[in-house]
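Below is one structure, written out as structure tokens; the observations come after it.
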Amino acid sequence: MNAVVVAVIVMLVLSVLRINVVFSLAIGAIVGGLIAGMSLSDTLEAFIGGLGDGAEVALSYAMLGGLAVAISKTGISELLVASILKLVKRKGDSQKSGLMKALIFIVLLLMAISSQNIIPIHIAFIPLLIPPIIKILNMLQIDRRLIACILAFGLITPYMSLPFGFGLVYQGIVADNISAAGLEITRHDVYGPMLIPAIGMVFGLVIAFFVFRKPRQYEDINVESELIVQVNKKNIIATIIALITTVIIQIPAIVPLASGQMFLGALTGVFILYITGAIKWKEADSVLTDGMRLMAFIGMVMIASSGFAAVVTATGDVEGLVATAKTILGDNKALAVLIMLLIGFFIDMGIGSSFATIPIIASIFVPIAESFGLSAAAIIALIGTAGALGDAGSPASDSTLGPTAGLNVDGQHDHIRDTCIPTLLIFNIPLLVSGWLAIMFFS
């Protein structure tokens, strides 16, 4: 049996059985390596050797967590939530107030989108914003599965389609790995072809609003999330400057770095908050510690997923999986594209990271795609979509772990049943269809 298939199945089964995701990744990697005929020593060496590939991302996440906590200390997130609370009290005589629901949906969607590109703090905003509004969600009887879908959409679609923040990183990885596979492209070439697959994500979000539109009751459990709003104009200005600087540093034309833009941007943003007095120097250690603690689990999952990816690559069975598919398909380009997208989905479901999936599939898919006569734009859409498929729904993805961390603050939102399964079905089917259509259109 193919070792990659076995490794991913083991990882997914253990995750469904509620085994810690990091342990599930490690065990899945070991089983996959042994199935491929590797010794235990070689498997562990590959796994440990691959851990370093996730270090930069994990460190960047930790610094972004520090930035998120620093921003929260200025009172802006509390001010936003307090504003929502005031509107609810003013307009919310009815628990089914359409206006209040629309306001919450819009705020969460904009926050999730901006967390990827404009204010690249990724999922760090979720534990700060979601727990204080849990009572509001309960009062309005909003199905939390819909909130999970809204957050997943905002966490995934921007990096797929917009060349800023995490989008800059993702599209850079796509461009670098396609070029390394023999097809020379630039980061700027990725933006256009990925807009069509992103339409599938939009369609999925519309479906989510329809599927989870009915009221759902939750037990009103008291959650410690008191809001103490202390905001002054100086802090607001300092925060705006910090956020603008964080974004500017990530623009290659201004700061031409090969890597580390996210880390440097977050570090600079935190430093500005300190020197302007928005955050006190004596709070520096506690703020950074809290931020790192906030993102520690996600960072560990990212590091472990890099080790998993290294073992999967070392088995050599990814090539066998694709080669078998090509033998079966012959000259059927449309079916070949579909199979490659499904393989990308399967790998991403196991790894839980679109960013880590790209290096695994690019070196194999690019030569096969060229043999079928696909254009550069079609290949970009293929690699970009195949990498993104499975991010929504994977138990190991931060796009599912983040929403669960916020929505399960009172123990009434299950990671698998309420986040992974809904987002898996809602987004991956339309993304698969739109991605396939984009590839065939550009081919």
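Chain lettering (A, B, ...) mirrors the order of the structure tokens, residue numbering begins at 1 for each chain separately, and ligand numbering begins at 1 in order of display.
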Shell around Ala3 (chain A) at 12 Å using only C-alpha atoms, local window under 3 positions removed, as a JSON list (two decimals) with all heavy atoms, in the first residue's frame:
[["chain", "number", "residue", "atom", "x", "y", "z"],
["A", 6, "VAL", "N", -1.23, 5.76, 3.64],
["A", 6, "VAL", "CA", -1.29, 5.19, 4.99],
["A", 6, "VAL", "C", -0.98, 6.25, 6.05],
["A", 6, "VAL", "O", -1.68, 6.35, 7.07],
["A", 6, "VAL", "CB", -0.30, 4.01, 5.12],
["A", 6, "VAL", "CG1", -0.24, 3.52, 6.58],
["A", 6, "VAL", "CG2", -0.69, 2.88, 4.20],
["A", 7, "ALA", "N", 0.07, 7.04, 5.81],
["A", 7, "ALA", "CA", 0.47, 8.06, 6.78],
["A", 7, "ALA", "C", -0.65, 9.06, 7.03],
["A", 7, "ALA", "O", -0.94, 9.42, 8.17],
["A", 7, "ALA", "CB", 1.73, 8.77, 6.30],
["A", 8, "VAL", "N", -1.28, 9.51, 5.95],
["A", 8, "VAL", "CA", -2.36, 10.50, 6.09],
["A", 8, "VAL", "C", -3.57, 9.90, 6.77],
["A", 8, "VAL", "O", -4.19, 10.52, 7.64],
["A", 8, "VAL", "CB", -2.74, 11.08, 4.71],
["A", 8, "VAL", "CG1", -3.95, 11.99, 4.83],
["A", 8, "VAL", "CG2", -1.57, 11.84, 4.12],
["A", 9, "ILE", "N", -3.92, 8.65, 6.41],
["A", 9, "ILE", "CA", -5.07, 7.99, 7.04],
["A", 9, "ILE", "C", -4.84, 7.82, 8.54],
["A", 9, "ILE", "O", -5.73, 8.08, 9.35],
["A", 9, "ILE", "CB", -5.35, 6.63, 6.37],
["A", 9, "ILE", "CG1", -5.91, 6.84, 4.96],
["A", 9, "ILE", "CG2", -6.33, 5.82, 7.21],
["A", 9, "ILE", "CD1", -6.13, 5.55, 4.20],
["A", 10, "VAL", "N", -3.64, 7.38, 8.92],
["A", 10, "VAL", "CA", -3.32, 7.20, 10.34],
["A", 10, "VAL", "C", -3.45, 8.53, 11.08],
["A", 10, "VAL", "O", -4.05, 8.62, 12.16],
["A", 10, "VAL", "CB", -1.90, 6.63, 10.51],
["A", 10, "VAL", "CG1", -1.46, 6.71, 11.98],
["A", 10, "VAL", "CG2", -1.85, 5.18, 10.03],
["A", 28, "GLY", "N", 1.73, 9.30, 12.55],
["A", 28, "GLY", "CA", 1.45, 9.08, 11.13],
["A", 28, "GLY", "C", 2.72, 9.07, 10.30],
["A", 28, "GLY", "O", 2.87, 8.25, 9.39],
["A", 29, "ALA", "N", 3.63, 9.97, 10.60],
["A", 29, "ALA", "CA", 4.90, 10.04, 9.87],
["A", 29, "ALA", "C", 5.73, 8.77, 10.08],
["A", 29, "ALA", "O", 6.30, 8.22, 9.13],
["A", 29, "ALA", "CB", 5.69, 11.27, 10.32],
["A", 30, "ILE", "N", 5.78, 8.30, 11.32],
["A", 30, "ILE", "CA", 6.56, 7.09, 11.62],
["A", 30, "ILE", "C", 5.97, 5.88, 10.91],
["A", 30, "ILE", "O", 6.70, 5.08, 10.29],
["A", 30, "ILE", "CB", 6.62, 6.86, 13.15],
["A", 30, "ILE", "CG1", 7.45, 7.96, 13.81],
["A", 30, "ILE", "CG2", 7.20, 5.48, 13.47],
["A", 30, "ILE", "CD1", 7.43, 7.92, 15.32],
["A", 31, "VAL", "N", 4.65, 5.73, 10.98],
["A", 31, "VAL", "CA", 3.99, 4.60, 10.31],
["A", 31, "VAL", "C", 4.23, 4.66, 8.80],
["A", 31, "VAL", "O", 4.55, 3.65, 8.16],
["A", 31, "VAL", "CB", 2.48, 4.60, 10.62],
["A", 31, "VAL", "CG1", 1.76, 3.55, 9.76],
["A", 31, "VAL", "CG2", 2.23, 4.32, 12.09],
["A", 32, "GLY", "N", 4.10, 5.87, 8.22],
["A", 32, "GLY", "CA", 4.32, 6.03, 6.79],
["A", 32, "GLY", "C", 5.74, 5.67, 6.39],
["A", 32, "GLY", "O", 5.96, 5.00, 5.38],
["A", 33, "GLY", "N", 6.70, 6.10, 7.19],
["A", 33, "GLY", "CA", 8.10, 5.78, 6.90],
["A", 33, "GLY", "C", 8.37, 4.29, 6.95],
["A", 33, "GLY", "O", 9.05, 3.73, 6.09],
["A", 34, "LEU", "N", 7.83, 3.62, 7.97],
["A", 34, "LEU", "CA", 8.03, 2.17, 8.11],
["A", 34, "LEU", "C", 7.36, 1.40, 6.98],
["A", 34, "LEU", "O", 7.91, 0.42, 6.47],
["A", 34, "LEU", "CB", 7.51, 1.70, 9.47],
["A", 34, "LEU", "CG", 8.24, 2.27, 10.71],
["A", 34, "LEU", "CD1", 7.57, 1.78, 11.99],
["A", 34, "LEU", "CD2", 9.72, 1.89, 10.69],
["A", 35, "ILE", "N", 6.16, 1.83, 6.59],
["A", 35, "ILE", "CA", 5.45, 1.18, 5.49],
["A", 35, "ILE", "C", 6.24, 1.30, 4.19],
["A", 35, "ILE", "O", 6.26, 0.38, 3.36],
["A", 35, "ILE", "CB", 4.04, 1.81, 5.29],
["A", 35, "ILE", "CG1", 3.13, 1.44, 6.46],
["A", 35, "ILE", "CG2", 3.42, 1.38, 3.97],
["A", 35, "ILE", "CD1", 2.76, -0.03, 6.51],
["A", 36, "ALA", "N", 6.94, 2.44, 4.03],
["A", 36, "ALA", "CA", 7.74, 2.66, 2.82],
["A", 36, "ALA", "C", 9.03, 1.87, 2.82],
["A", 36, "ALA", "O", 9.77, 1.89, 1.83],
["A", 36, "ALA", "CB", 8.04, 4.14, 2.68],
["A", 37, "GLY", "N", 9.34, 1.18, 3.93],
["A", 37, "GLY", "CA", 10.56, 0.38, 3.99],
["A", 37, "GLY", "C", 11.72, 1.10, 4.63],
["A", 37, "GLY", "O", 12.85, 0.57, 4.67],
["A", 38, "MET", "N", 11.49, 2.30, 5.12],
["A", 38, "MET", "CA", 12.55, 3.03, 5.82],
["A", 38, "MET", "C", 12.73, 2.45, 7.22],
["A", 38, "MET", "O", 11.78, 1.95, 7.83],
["A", 38, "MET", "CB", 12.18, 4.52, 5.92],
["A", 38, "MET", "CG", 12.00, 5.22, 4.58],
["A", 38, "MET", "SD", 11.29, 6.89, 4.73],
["A", 38, "MET", "CE", 12.54, 7.73, 5.73],
["A", 311, "VAL", "N", 9.06, 13.43, 6.00],
["A", 311, "VAL", "CA", 8.99, 11.97, 5.93],
["A", 311, "VAL", "C", 8.21, 11.53, 4.69],
["A", 311, "VAL", "O", 8.61, 10.60, 3.98],
["A", 311, "VAL", "CB", 8.33, 11.38, 7.20],
["A", 311, "VAL", "CG1", 8.12, 9.87, 7.05],
["A", 311, "VAL", "CG2", 9.18, 11.68, 8.42],
["A", 312, "VAL", "N", 7.10, 12.22, 4.42],
["A", 312, "VAL", "CA", 6.29, 11.89, 3.24],
["A", 312, "VAL", "C", 7.15, 12.01, 1.97],
["A", 312, "VAL", "O", 7.08, 11.17, 1.07],
["A", 312, "VAL", "CB", 5.06, 12.82, 3.16],
["A", 312, "VAL", "CG1", 4.42, 12.75, 1.78],
["A", 312, "VAL", "CG2", 4.04, 12.45, 4.23],
["A", 313, "THR", "N", 7.95, 13.05, 1.91],
["A", 313, "THR", "CA", 8.83, 13.25, 0.75],
["A", 313, "THR", "C", 9.90, 12.16, 0.69],
["A", 313, "THR", "O", 10.21, 11.63, -0.39],
["A", 313, "THR", "CB", 9.50, 14.63, 0.82],
["A", 313, "THR", "OG1", 8.49, 15.65, 0.87],
["A", 313, "THR", "CG2", 10.39, 14.87, -0.40],
["A", 314, "ALA", "N", 10.46, 11.82, 1.86],
["A", 314, "ALA", "CA", 11.54, 10.84, 1.91],
["A", 314, "ALA", "C", 11.09, 9.43, 1.51],
["A", 314, "ALA", "O", 11.88, 8.63, 1.02],
["A", 314, "ALA", "CB", 12.14, 10.80, 3.32],
["A", 315, "THR", "N", 9.81, 9.12, 1.69],
["A", 315, "THR", "CA", 9.32, 7.79, 1.32],
["A", 315, "THR", "C", 9.40, 7.55, -0.19],
["A", 315, "THR", "O", 9.54, 6.41, -0.63],
["A", 315, "THR", "CB", 7.86, 7.59, 1.76],
["A", 315, "THR", "OG1", 7.02, 8.52, 1.06],
["A", 315, "THR", "CG2", 7.70, 7.78, 3.26],
["A", 316, "GLY", "N", 9.31, 8.63, -0.96],
["A", 316, "GLY", "CA", 9.31, 8.50, -2.41],
["A", 316, "GLY", "C", 8.00, 8.02, -2.98],
["A", 316, "GLY", "O", 7.85, 7.89, -4.20],
["A", 317, "ASP", "N", 7.00, 7.81, -2.12],
["A", 317, "ASP", "CA", 5.73, 7.26, -2.58],
["A", 317, "ASP", "C", 4.79, 8.31, -3.15],
["A", 317, "ASP", "O", 3.77, 7.96, -3.75],
["A", 317, "ASP", "CB", 5.03, 6.51, -1.43],
["A", 317, "ASP", "CG", 5.58, 5.11, -1.26],
["A", 317, "ASP", "OD1", 6.65, 4.84, -1.84],
["A", 317, "ASP", "OD2", 4.94, 4.29, -0.57],
["A", 318, "VAL", "N", 5.11, 9.60, -2.95],
["A", 318, "VAL", "CA", 4.30, 10.63, -3.60],
["A", 318, "VAL", "C", 4.47, 10.51, -5.12],
["A", 318, "VAL", "O", 3.50, 10.56, -5.87],
["A", 318, "VAL", "CB", 4.70, 12.03, -3.12],
["A", 318, "VAL", "CG1", 3.93, 13.09, -3.89],
["A", 318, "VAL", "CG2", 4.44, 12.18, -1.63],
["A", 319, "GLU", "N", 5.71, 10.33, -5.54],
["A", 319, "GLU", "CA", 5.98, 10.15, -6.96],
["A", 319, "GLU", "C", 5.26, 8.91, -7.50],
["A", 319, "GLU", "O", 4.69, 8.93, -8.59],
["A", 319, "GLU", "CB", 7.48, 10.04, -7.22],
["A", 319, "GLU", "CG", 8.26, 11.32, -6.96],
["A", 319, "GLU", "CD", 8.73, 11.44, -5.52],
["A", 319, "GLU", "OE1", 8.12, 10.78, -4.65],
["A", 319, "GLU", "OE2", 9.67, 12.20, -5.27],
["A", 320, "GLY", "N", 5.28, 7.84, -6.71],
["A", 320, "GLY", "CA", 4.61, 6.61, -7.13],
["A", 320, "GLY", "C", 3.11, 6.80, -7.24],
["A", 320, "GLY", "O", 2.46, 6.27, -8.15],
["A", 321, "LEU", "N", 2.56, 7.57, -6.30],
["A", 321, "LEU", "CA", 1.12, 7.85, -6.31],
["A", 321, "LEU", "C", 0.73, 8.58, -7.58],
["A", 321, "LEU", "O", -0.25, 8.25, -8.25],
["A", 321, "LEU", "CB", 0.76, 8.67, -5.07],
["A", 321, "LEU", "CG", -0.72, 8.90, -4.76],
["A", 321, "LEU", "CD1", -1.41, 7.59, -4.47],
["A", 321, "LEU", "CD2", -0.87, 9.85, -3.59],
["A", 347, "ILE", "N", -3.05, 15.24, 0.53],
["A", 347, "ILE", "CA", -1.81, 15.55, 1.24],
["A", 347, "ILE", "C", -2.03, 16.70, 2.22],
["A", 347, "ILE", "O", -1.59, 16.64, 3.38],
["A", 347, "ILE", "CB", -0.69, 15.90, 0.24],
["A", 347, "ILE", "CG1", -0.32, 14.67, -0.60],
["A", 347, "ILE", "CG2", 0.55, 16.43, 0.97],
["A", 347, "ILE", "CD1", 0.65, 14.96, -1.72]]
Within 10 Å of region 397-417 of chain A, which residues of region 107-224 of chain A show up? Give each one with its shortest atom-to-atom distance in Å (one decimal) and the two atoms involved, counting only C-alpha atoms, rows by chain then rising residue number, as a Markdown table.
| residue | atom | partner | partner_atom | distance |
| --- | --- | --- | --- | --- |
| A:His122 | CA | A:Gly402 | CA | 9.0 |
| A:Ile123 | CA | A:Gly402 | CA | 5.6 |
| A:Ala124 | CA | A:Gly402 | CA | 7.9 |
| A:Phe125 | CA | A:Gly402 | CA | 9.1 |
| A:Ile126 | CA | A:Gly406 | CA | 5.6 |
| A:Pro127 | CA | A:Gly406 | CA | 4.9 |
| A:Leu128 | CA | A:Gly406 | CA | 8.1 |
| A:Leu129 | CA | A:Gly406 | CA | 8.0 |
| A:Ile130 | CA | A:Gly406 | CA | 5.3 |
| A:Pro131 | CA | A:Gly406 | CA | 5.9 |
| A:Pro132 | CA | A:Gly406 | CA | 9.6 |
| A:Ile133 | CA | A:Leu407 | CA | 9.7 |
| A:Ile134 | CA | A:Leu407 | CA | 7.5 |
| A:Leu137 | CA | A:Leu407 | CA | 9.9 |
| A:Arg144 | CA | A:Leu407 | CA | 7.0 |
| A:Arg145 | CA | A:His413 | CA | 8.3 |
| A:Ile147 | CA | A:Pro403 | CA | 8.0 |
| A:Ala148 | CA | A:Pro403 | CA | 5.5 |
| A:Cys149 | CA | A:Pro403 | CA | 8.7 |
| A:Ile150 | CA | A:Pro403 | CA | 9.3 |
| A:Leu151 | CA | A:Pro403 | CA | 6.5 |
| A:Ala152 | CA | A:Ser399 | CA | 5.4 |
| A:Phe153 | CA | A:Ser399 | CA | 8.6 |
| A:Gly154 | CA | A:Ser399 | CA | 9.1 |
| A:Leu155 | CA | A:Ser399 | CA | 6.1 |
| A:Ile156 | CA | A:Ser399 | CA | 7.1 |
| A:Tyr218 | CA | A:Gln412 | CA | 7.3 |
| A:Glu219 | CA | A:Gln412 | CA | 8.0 |
| A:Asp220 | CA | A:Asp410 | CA | 8.8 |
| A:Ile221 | CA | A:Asp410 | CA | 6.3 |
| A:Asn222 | CA | A:Asp410 | CA | 7.7 |
| A:Val223 | CA | A:Asp410 | CA | 6.5 |
| A:Glu224 | CA | A:Val409 | CA | 9.4 |
List the neighbours of Asp143 (chain A) out to 8 Å using only C-alpha atoms; skip same-chain residues closer than 6 positions along the sequence, and give me the result as a ChimeraX atom specification.
-> /A:137,212-217
Pick from A:Pro158, A:Gly204, A:Gly49, A:Gly167, whichever lies nearest to Ser434 (chain A) using only C-alpha atoms = A:Gly204
Compile the contact shell of Gly352 (chain A) as number ranges by chain: residues with an atom at most 6 Å away, counting only C-alpha atoms, same-chain residues fewer than 3 positions apart removed.
-> A: 348-349, 391, 394, 396-397
Looking only at helix (DSSP H, G or I) from DSSP on the backbone, list the matching residues of region 171-344 of chain A as a ChimeraX atom specification.
-> /A:171-180,187-189,195-211,233-249,261-275,281-315,317-329,333-344
Could you check which of A:Asp290, A:Thr419, A:Val366, A:Thr74 is closest to Thr276 (chain A), using only C-alpha atoms?
->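 When distances to Thr276 (chain A) are compared using only C-alpha atoms, the smallest one comes from A:Thr74.
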Would you work out the distance separating CA of Ile426 (chain A) from CA of Ile199 (chain A), expressed in Å to one decimal?
->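 Going from CA of Ile426 (chain A) over to CA of Ile199 (chain A) covers 13.3 Å.
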Near Ala388 (chain A), counting only C-alpha atoms, which residues have an atom at most 10 Å away, once you skip same-chain residues fewer than 4 positions from it, shown as a JSON list (two decimals) with N, CA, C and O atoms, in the first residue's frame?
[["chain", "number", "residue", "atom", "x", "y", "z"],
["A", 156, "ILE", "N", -8.34, 31.77, 4.74],
["A", 156, "ILE", "CA", -7.79, 31.04, 3.60],
["A", 156, "ILE", "C", -7.81, 31.85, 2.30],
["A", 156, "ILE", "O", -6.80, 31.97, 1.61],
["A", 157, "THR", "N", -8.97, 32.40, 1.97],
["A", 157, "THR", "CA", -9.14, 33.06, 0.67],
["A", 157, "THR", "C", -8.16, 34.20, 0.41],
["A", 157, "THR", "O", -7.61, 34.30, -0.70],
["A", 159, "TYR", "N", -5.00, 34.72, 1.42],
["A", 159, "TYR", "CA", -3.63, 34.34, 1.09],
["A", 159, "TYR", "C", -3.60, 33.63, -0.27],
["A", 159, "TYR", "O", -2.57, 33.61, -0.95],
["A", 160, "MET", "N", -4.72, 33.05, -0.68],
["A", 160, "MET", "CA", -4.78, 32.44, -2.01],
["A", 160, "MET", "C", -4.74, 33.48, -3.11],
["A", 160, "MET", "O", -4.14, 33.26, -4.16],
["A", 170, "TYR", "N", 2.58, 32.86, 0.64],
["A", 170, "TYR", "CA", 2.04, 31.71, -0.08],
["A", 170, "TYR", "C", 2.36, 31.78, -1.57],
["A", 170, "TYR", "O", 2.83, 30.81, -2.17],
["A", 197, "PRO", "N", -9.97, 30.46, -8.76],
["A", 197, "PRO", "CA", -10.23, 29.51, -7.67],
["A", 197, "PRO", "C", -10.82, 30.18, -6.43],
["A", 197, "PRO", "O", -11.64, 29.57, -5.72],
["A", 341, "LEU", "N", -5.48, 17.49, -8.39],
["A", 341, "LEU", "CA", -6.13, 18.33, -7.37],
["A", 341, "LEU", "C", -6.53, 17.49, -6.15],
["A", 341, "LEU", "O", -6.34, 17.91, -5.01],
["A", 344, "GLY", "N", -3.47, 16.65, -4.12],
["A", 344, "GLY", "CA", -3.11, 17.80, -3.29],
["A", 344, "GLY", "C", -4.02, 17.93, -2.09],
["A", 344, "GLY", "O", -3.56, 18.20, -0.97],
["A", 345, "PHE", "N", -5.32, 17.72, -2.30],
["A", 345, "PHE", "CA", -6.29, 17.76, -1.20],
["A", 345, "PHE", "C", -5.94, 16.72, -0.14],
["A", 345, "PHE", "O", -5.94, 17.01, 1.06],
["A", 348, "ASP", "N", -2.73, 17.74, 1.79],
["A", 348, "ASP", "CA", -2.97, 18.89, 2.66],
["A", 348, "ASP", "C", -3.83, 18.53, 3.85],
["A", 348, "ASP", "O", -3.66, 19.06, 4.95],
["A", 349, "MET", "N", -4.79, 17.62, 3.65],
["A", 349, "MET", "CA", -5.61, 17.17, 4.76],
["A", 349, "MET", "C", -4.75, 16.55, 5.86],
["A", 349, "MET", "O", -5.03, 16.70, 7.05],
["A", 352, "GLY", "N", -2.04, 19.60, 6.99],
["A", 352, "GLY", "CA", -2.73, 20.72, 7.62],
["A", 352, "GLY", "C", -2.13, 22.06, 7.29],
["A", 352, "GLY", "O", -2.40, 23.05, 7.95],
["A", 353, "SER", "N", -1.33, 22.12, 6.24],
["A", 353, "SER", "CA", -0.69, 23.38, 5.87],
["A", 353, "SER", "C", -0.56, 23.48, 4.36],
["A", 353, "SER", "O", 0.13, 22.67, 3.73],
["A", 354, "SER", "N", -1.23, 24.46, 3.77],
["A", 354, "SER", "CA", -1.08, 24.71, 2.34],
["A", 354, "SER", "C", 0.36, 25.05, 2.00],
["A", 354, "SER", "O", 0.89, 24.66, 0.96],
["A", 355, "PHE", "N", 0.99, 25.81, 2.89],
["A", 355, "PHE", "CA", 2.36, 26.26, 2.67],
["A", 355, "PHE", "C", 3.32, 25.07, 2.59],
["A", 355, "PHE", "O", 4.27, 25.09, 1.82],
["A", 357, "THR", "N", 2.41, 21.97, 1.79],
["A", 357, "THR", "CA", 2.00, 21.06, 0.72],
["A", 357, "THR", "C", 2.65, 21.41, -0.61],
["A", 357, "THR", "O", 3.01, 20.52, -1.39],
["A", 358, "ILE", "N", 2.81, 22.71, -0.87],
["A", 358, "ILE", "CA", 3.33, 23.17, -2.16],
["A", 358, "ILE", "C", 4.68, 22.53, -2.52],
["A", 358, "ILE", "O", 4.84, 22.01, -3.63],
["A", 382, "LEU", "N", -3.10, 25.27, -10.92],
["A", 382, "LEU", "CA", -3.07, 23.88, -10.45],
["A", 382, "LEU", "C", -2.33, 23.77, -9.12],
["A", 382, "LEU", "O", -2.86, 23.21, -8.15],
["A", 383, "ILE", "N", -1.12, 24.29, -9.07],
["A", 383, "ILE", "CA", -0.31, 24.17, -7.85],
["A", 383, "ILE", "C", -0.93, 24.97, -6.71],
["A", 383, "ILE", "O", -1.02, 24.49, -5.57],
["A", 384, "GLY", "N", -1.38, 26.21, -7.00],
["A", 384, "GLY", "CA", -1.97, 27.04, -5.97],
["A", 384, "GLY", "C", -3.25, 26.46, -5.39],
["A", 384, "GLY", "O", -3.48, 26.49, -4.18],
["A", 392, "ALA", "N", -9.05, 23.97, 4.57],
["A", 392, "ALA", "CA", -10.33, 24.02, 5.28],
["A", 392, "ALA", "C", -10.78, 22.59, 5.54],
["A", 392, "ALA", "O", -10.97, 21.82, 4.61],
["A", 428, "ASN", "N", -14.30, 22.90, 0.23],
["A", 428, "ASN", "CA", -13.43, 22.14, -0.67],
["A", 428, "ASN", "C", -14.10, 21.71, -1.96],
["A", 428, "ASN", "O", -13.44, 21.63, -3.00],
["A", 431, "LEU", "N", -14.22, 24.85, -4.19],
["A", 431, "LEU", "CA", -12.84, 25.20, -4.54],
["A", 431, "LEU", "C", -12.29, 24.21, -5.56],
["A", 431, "LEU", "O", -11.58, 24.60, -6.50],
["A", 432, "LEU", "N", -12.61, 22.94, -5.40],
["A", 432, "LEU", "CA", -12.18, 21.93, -6.36],
["A", 432, "LEU", "C", -12.75, 22.21, -7.74],
["A", 432, "LEU", "O", -12.04, 22.17, -8.75],
["A", 435, "GLY", "N", -11.29, 25.60, -9.13],
["A", 435, "GLY", "CA", -9.89, 25.40, -9.48],
["A", 435, "GLY", "C", -9.73, 24.61, -10.76],
["A", 435, "GLY", "O", -8.92, 24.96, -11.62]]
Test item: residues at most 8 Å from Gly307 (chain A), only C-alpha atoms, excluding those fewer than 5 positions along its chain, as a VMD selection string = chain A and resid 26 29 46 to 51 53
So, counting only C-alpha atoms, which residue among A:Ile185, A:Leu146, A:Ile27, A:Pro367 is closest to Val211 (chain A)?
->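 Looking at the shortest contact to Val211 (chain A), the residue is A:Leu146.
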Coordinates-based distance that separates CA of Val4 (chain A) from CA of Asn177 (chain A) (Å, one decimal) | 20.4 Å
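Each of A:Gly390, A:Gly265, A:Gly277, A:Pro256 was checked against Ile343 (chain A) using only C-alpha atoms; the smallest atom-to-atom distance is that of A:Gly390.
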Could you jot down the CA of Asn138 (chain A) to CA of Lys101 (chain A) separation for me, Å, one decimal place?
->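 CA of Lys101 (chain A) lies at a distance of 11.3 Å from CA of Asn138 (chain A).
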Polymer residues at most 8 Å from Leu12 (chain A), only C-alpha atoms, same-chain spacing of 6 or more positions, as a PyMOL selection string = chain A and resi 24+349-350+395
Saved selection, atoms kept: all heavy atoms, as a PDB file, in the first residue's frame:
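Result file again11.pdb:
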ATOM      1  N   SER A  24      -0.420  12.936  16.606  1.00  0.00           N
ATOM      2  CA  SER A  24      -0.990  12.272  15.433  1.00  0.00           C
ATOM      3  C   SER A  24      -0.083  12.440  14.218  1.00  0.00           C
ATOM      4  O   SER A  24       0.128  11.493  13.447  1.00  0.00           O
ATOM      5  CB  SER A  24      -2.380  12.848  15.130  1.00  0.00           C
ATOM      6  OG  SER A  24      -3.262  12.629  16.210  1.00  0.00           O
ATOM      7  N   MET A 349      -4.791  17.616   3.648  1.00  0.00           N
ATOM      8  CA  MET A 349      -5.611  17.171   4.764  1.00  0.00           C
ATOM      9  C   MET A 349      -4.753  16.548   5.859  1.00  0.00           C
ATOM     10  O   MET A 349      -5.027  16.696   7.049  1.00  0.00           O
ATOM     11  CB  MET A 349      -6.639  16.143   4.283  1.00  0.00           C
ATOM     12  CG  MET A 349      -7.901  16.746   3.705  1.00  0.00           C
ATOM     13  SD  MET A 349      -8.919  17.577   4.952  1.00  0.00           S
ATOM     14  CE  MET A 349      -9.454  16.183   5.936  1.00  0.00           C
ATOM     15  N   GLY A 350      -3.709  15.836   5.444  1.00  0.00           N
ATOM     16  CA  GLY A 350      -2.835  15.206   6.435  1.00  0.00           C
ATOM     17  C   GLY A 350      -1.865  16.174   7.065  1.00  0.00           C
ATOM     18  O   GLY A 350      -1.678  16.173   8.285  1.00  0.00           O
ATOM     19  N   PRO A 395      -7.896  18.625  10.426  1.00  0.00           N
ATOM     20  CA  PRO A 395      -7.807  18.779  11.881  1.00  0.00           C
ATOM     21  C   PRO A 395      -6.524  19.462  12.338  1.00  0.00           C
ATOM     22  O   PRO A 395      -6.471  20.015  13.429  1.00  0.00           O
ATOM     23  CB  PRO A 395      -7.860  17.333  12.393  1.00  0.00           C
ATOM     24  CG  PRO A 395      -8.513  16.558  11.299  1.00  0.00           C
ATOM     25  CD  PRO A 395      -8.062  17.217  10.030  1.00  0.00           C
TER      26      PRO A 395
END
Using only C-alpha atoms, which of the listed residues (A:Ile380, A:Val433, A:Met440, A:Val287) sits closest to Gly172 (chain A)?
-> A:Ile380
